[in-house]
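**Student:** Mind having a look at this structure? Questions to follow.
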Amino acid sequence: MTRPVAAIILAAGKGTRMKSDLHKVLHPIAGQSMLLHLLDAAGTLSPERTVVVTGAGREQVEAAVAPLGVSTALQAEQLGTGHAVAQAEDALAGFDGDVLILYGDVPLVRAETMRAMLERLNAADAPAVVVLGFRPANPGAYGRLIVAEGGDRLEKIVEYKDASDAERAVTLCNTGLMAARSADLFALLGRLGNDNAAGEYYLTDVVEMSGSAAVIEADAGEVTGVNSRGELAAVEALWQQARRARAMAEGATLIAPETVWFAHDTVIGRDVTIEPNVVFGPGVTVADGVTIHGFCHLEGATIGPKAEVGPYARLRPGAVLEDGAKIGNFVEMKKAVLGRGAKANHLTYLGDAEVGAGANIGAGTITCNYDGYLKYRTVIGEGAFVGSNSALVAPVTIGAGAIVAAGSVLTADVEADALALVRPTRVTKPGWAARFREIMRAKKSAAKTGE
């Protein structure tokens with residue numbers, strides 16, 4: 001592409017069928033809003049300008065895009081798609097290039113498809129408008145694209161209710177997505193009328209007015225729209241299916257792919273094995289050779305080469321497993337580093353902690369990092385051994401090679417290679433348990449007799 005590119009994203013609809021206080025386009029797919037998915041895809045084309053057209057709930061949308069430097073335009077009245085696109089004219093003042101028209105509730109459109117639309121727009125025959133079509137399994141009430149025989153020239157877009165039987169038999173349907181040159185687009189929009197039953201300005205009328213339009217096709221899944229919670233779930237499923245396929249194509253093994261859920265930014269290395277029922281929240285990076293056992297939840301975590309996680313483990317933001325480290329069942333980590341080859345095999349909480357290489361953390365160990373007001377740090381040296389059921393009351397440091405005896409409660413530092421043993425003195429009373437049972441049985445018997 002040699003011409004400048006701009007993108008207009010329509011996000012003015014009320015989304016009443018979502019039945020939500022959250023704006024429709026801000027509902028997440030794989031942990032990221034639909035709108036940001038679309039902005040990411042469009043961003044790979046390096047657009048000179050991007051405009052999001054807002055309406056109801058504009059404050060939410062404006063706040064979401066403000067950090068991205070994206071312009072917004074307001075459609076104060078809902079007067080149709082053509083009217084919505086026209087609201088972006090001021091934001092694109094002085095822009096001379098190609099314009100993509102996208103929909104914030106159609107989040108899976110690929111950058112490759114957007115690029116193909118622009119390439120067709122700039123082909124030798126120079127159509128004024130390029131329309132994106134698709135062939136759904138059930139064309140239903142979609143508008144039909146009537147294309148000239150033997151080519152991709154668009155003769156007209158006909159709404160289902162206005163279509164003849166022959167036109168309804170056409171399986172090529174309209175997505176509503178378009179590309180046009182800026183000068184042509186706004187000139188055509190300026191000529192739109194609203195002489196129809198709804199009194200709205202329809203973007204589809206631009207096609208007939210242009211006198212020169214072409215069609216390219218996209219996969220039906222790619223242009224699936226979201227208007228309800230059920231459709232949101234369906235699009236999530238489509239995204240996850242594609243991401244699982246990509247992970248396996250790039251060298252990961254997914255034992256039961258349909259049970260693994262990725263986030264939009266999950267990074268998976270080669271020769272990674274992921275067992276069933278694993279959920280990735282945002283911000284997870286997994287290096288080569290890692291094994292993630294079943295029923296784990298990971299978010300904001302970095303896992304080094306050949307590390308092992310789970311089953312039933314939880315990694316929260318700031319968790320880092322270095323090369324060959326291992327956490328096992330019912331271990332939780334938060335803002336903690338488990339050093340090279342270190343292990344915490346079961347029933348452990350490591351929060352605000354640093355565990356040195358080769359250290360072993362016994363079952364039931366807890367880093368007591370919070371006093372109700374502030375968080376404190378625990379440091380465990382290389383090769384240290386922490387016995388089962390120990391409580392490490394931060395701030396505390398355990399030196400390299402030190403041993404903490406099982407059942408200890410540490411409130412002070414332990415020097416390197418020392419043994420820390422913190423247990424109360426044992427008291428044994430011979431025969432006490434037998435005498436106690438005899439007394440209690442007598443009391444119980446007397447109570448029953450008294451009844």
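Ordering of the structure tokens sets the chain letters (A, B, ...), residue numbers begin anew at 1 in every chain, and ligands are numbered from 1 in the order given.
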I need the strand (DSSP E or B) residues of region 105-273 of chain A per DSSP on the backbone, written as JSON, numbers by chain.

**Tutor:** {"A": [129, 130, 131, 132, 133, 134, 144, 145, 146, 147, 153, 154, 155, 156, 157, 158, 173, 174, 175, 176, 177, 178, 179, 180, 181, 213, 214, 215, 216, 217, 218, 253, 254, 261, 267, 268, 273]}

**Student:** Could you pull the residues within 7 Å of region 131-134 of chain A, counting only C-alpha atoms, minus those fewer than 6 positions along the same chain, as a PyMOL selection string?

**Tutor:** chain A and resi 172-179+214-220

**Student:** When you look at Val414 (chain A) with a cut-off of 7 Å (counting only C-alpha atoms), what residues show up, excluding the ones that are within fewer than 4 positions of it in the same chain? I need them as a ChimeraX atom specification.

**Tutor:** /A:397-399,418,420

**Student:** Output the selection as a tab-separated table (two decimals), in the first residue's frame - N, CA, C and O atoms for each residue.

**Tutor:**
```tsv
chain	number	residue	atom	x	y	z
A	397	THR	N	14.35	-13.05	56.11
A	397	THR	CA	15.30	-13.60	55.15
A	397	THR	C	15.85	-14.91	55.68
A	397	THR	O	16.26	-15.00	56.85
A	398	ILE	N	15.83	-15.94	54.83
A	398	ILE	CA	16.41	-17.24	55.16
A	398	ILE	C	17.65	-17.40	54.31
A	398	ILE	O	17.58	-17.35	53.07
A	399	GLY	N	18.76	-17.60	54.92
A	399	GLY	CA	20.02	-17.63	54.20
A	399	GLY	C	20.18	-18.85	53.32
A	399	GLY	O	19.46	-19.86	53.45
A	418	ALA	N	22.20	-22.45	58.64
A	418	ALA	CA	21.74	-22.67	60.02
A	418	ALA	C	20.46	-23.49	60.02
A	418	ALA	O	19.77	-23.63	59.00
A	420	ALA	N	16.80	-23.56	61.78
A	420	ALA	CA	15.82	-22.80	62.56
A	420	ALA	C	14.72	-23.74	63.00
A	420	ALA	O	14.05	-24.36	62.18
```

**Student:** Can you tell me, as a PyMOL selection string, what residues are no more than 9 Å from region 35-43 of chain A when counting only C-alpha atoms, ignoring any on the same chain fewer than 2 positions away?

**Tutor:** chain A and resi 7+9+11+25-29+32-33+45-47+50+61+64-65+100+102-112+114+264

**Student:** Looking at A:Thr72, A:Asp352, A:Asn196, A:Gly211, which one is nearest to Leu374 (chain A), with distances taken over only C-alpha atoms?

**Tutor:**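 That would be A:Asp352, the residue with the smallest distance to Leu374 (chain A).
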
**Student:** Can you pull out the residues contacting Val320 (chain A)? Cut-off 8 Å, using only C-alpha atoms, and skip same-chain residues under 5 positions away; I want them as a PDB file with C-alpha atoms, in the first residue's frame.

**Tutor:**
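The result, stored in selection_19.pdb:
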```pdb
ATOM      1  CA  ALA A 301       3.090 -14.717  34.998  1.00  0.00           C
ATOM      2  CA  THR A 302       6.417 -15.525  33.347  1.00  0.00           C
ATOM      3  CA  ILE A 303       7.408 -19.188  33.116  1.00  0.00           C
ATOM      4  CA  GLY A 304      10.970 -20.090  32.197  1.00  0.00           C
ATOM      5  CA  LYS A 335       4.594 -11.211  42.928  1.00  0.00           C
ATOM      6  CA  ALA A 336       7.116 -13.924  43.679  1.00  0.00           C
ATOM      7  CA  VAL A 337      10.149 -15.452  41.975  1.00  0.00           C
ATOM      8  CA  LEU A 338      10.918 -19.158  42.161  1.00  0.00           C
TER       9      LEU A 338
END
```

**Student:** Name the residues in contact with Gln240 (chain A) at a cut-off of 8 Å, using only C-alpha atoms, excluding same-chain residues fewer than 6 positions from it; report them as a list in words.

**Tutor:**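 Contacts, with the query itself left out: Ala30, Trp261 and Phe262 of chain A.
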
**Student:** Write out the residues from the selection above, keeping C-alpha atoms, as a short mmCIF file (atom, residue, chain, number, x, y, z; two decimals), in the first residue's frame.

**Tutor:**
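This is the output file part.cif:
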```
data_model
loop_
_atom_site.label_atom_id
_atom_site.label_comp_id
_atom_site.auth_asym_id
_atom_site.auth_seq_id
_atom_site.Cartn_x
_atom_site.Cartn_y
_atom_site.Cartn_z
CA ALA A 30 -10.03 -13.25 25.42
CA TRP A 261 -8.51 -20.87 27.23
CA PHE A 262 -5.99 -18.28 26.08
#
```

**Student:** Got a sec to tell me which of region 85-143 of chain A DSSP assigns to alpha helix (DSSP H), as a PyMOL selection string?

**Tutor:** chain A and resi 85-86+111-121

**Student:** Generate a file of the selected residues that holds N, CA and C atoms, formatted as a PDB file, in the first residue's frame.

**Tutor:**
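selection-v7.pdb, written as the output of this step:
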```pdb
ATOM      1  N   VAL A  85     -21.052   7.396   9.718  1.00  0.00           N
ATOM      2  CA  VAL A  85     -19.756   7.573   9.046  1.00  0.00           C
ATOM      3  C   VAL A  85     -19.518   9.049   8.749  1.00  0.00           C
ATOM      4  N   ALA A  86     -20.551   9.771   8.373  1.00  0.00           N
ATOM      5  CA  ALA A  86     -20.411  11.187   8.040  1.00  0.00           C
ATOM      6  C   ALA A  86     -19.910  12.009   9.220  1.00  0.00           C
ATOM      7  N   ALA A 111      -6.257  -8.201   9.918  1.00  0.00           N
ATOM      8  CA  ALA A 111      -5.520  -7.169   9.198  1.00  0.00           C
ATOM      9  C   ALA A 111      -5.341  -7.557   7.732  1.00  0.00           C
ATOM     10  N   GLU A 112      -5.172  -8.858   7.468  1.00  0.00           N
ATOM     11  CA  GLU A 112      -4.995  -9.316   6.094  1.00  0.00           C
ATOM     12  C   GLU A 112      -6.229  -9.004   5.249  1.00  0.00           C
ATOM     13  N   THR A 113      -7.397  -9.119   5.852  1.00  0.00           N
ATOM     14  CA  THR A 113      -8.628  -8.815   5.120  1.00  0.00           C
ATOM     15  C   THR A 113      -8.744  -7.317   4.864  1.00  0.00           C
ATOM     16  N   MET A 114      -8.409  -6.522   5.866  1.00  0.00           N
ATOM     17  CA  MET A 114      -8.419  -5.066   5.664  1.00  0.00           C
ATOM     18  C   MET A 114      -7.461  -4.673   4.549  1.00  0.00           C
ATOM     19  N   ARG A 115      -6.293  -5.287   4.542  1.00  0.00           N
ATOM     20  CA  ARG A 115      -5.293  -4.984   3.515  1.00  0.00           C
ATOM     21  C   ARG A 115      -5.808  -5.380   2.127  1.00  0.00           C
ATOM     22  N   ALA A 116      -6.479  -6.521   2.065  1.00  0.00           N
ATOM     23  CA  ALA A 116      -7.021  -6.974   0.774  1.00  0.00           C
ATOM     24  C   ALA A 116      -8.073  -6.002   0.249  1.00  0.00           C
ATOM     25  N   MET A 117      -8.878  -5.430   1.149  1.00  0.00           N
ATOM     26  CA  MET A 117      -9.879  -4.446   0.728  1.00  0.00           C
ATOM     27  C   MET A 117      -9.192  -3.215   0.121  1.00  0.00           C
ATOM     28  N   LEU A 118      -8.124  -2.760   0.758  1.00  0.00           N
ATOM     29  CA  LEU A 118      -7.413  -1.585   0.260  1.00  0.00           C
ATOM     30  C   LEU A 118      -6.707  -1.877  -1.064  1.00  0.00           C
ATOM     31  N   GLU A 119      -6.146  -3.073  -1.179  1.00  0.00           N
ATOM     32  CA  GLU A 119      -5.478  -3.437  -2.433  1.00  0.00           C
ATOM     33  C   GLU A 119      -6.482  -3.485  -3.588  1.00  0.00           C
ATOM     34  N   ARG A 120      -7.682  -4.007  -3.296  1.00  0.00           N
ATOM     35  CA  ARG A 120      -8.700  -4.038  -4.361  1.00  0.00           C
ATOM     36  C   ARG A 120      -9.138  -2.627  -4.733  1.00  0.00           C
ATOM     37  N   LEU A 121      -9.204  -1.744  -3.749  1.00  0.00           N
ATOM     38  CA  LEU A 121      -9.581  -0.361  -4.003  1.00  0.00           C
ATOM     39  C   LEU A 121      -8.590   0.314  -4.940  1.00  0.00           C
TER      40      LEU A 121
END
```

**Student:** Quick one: pull the distance between CA of Asp265 (chain A) and CA of Ala73 (chain A), Å, one decimal.

**Tutor:**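 CA of Ala73 (chain A) lies 28.8 Å from CA of Asp265 (chain A).
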
**Student:** Determine the nearest neighbour of Leu192 (chain A) from the options A:Gly269, A:Ala344, A:Thr81, A:Ala391, counting only C-alpha atoms.

**Tutor:**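 Among A:Gly269, A:Ala344, A:Thr81, A:Ala391, it is A:Thr81 that comes nearest to Leu192 (chain A).
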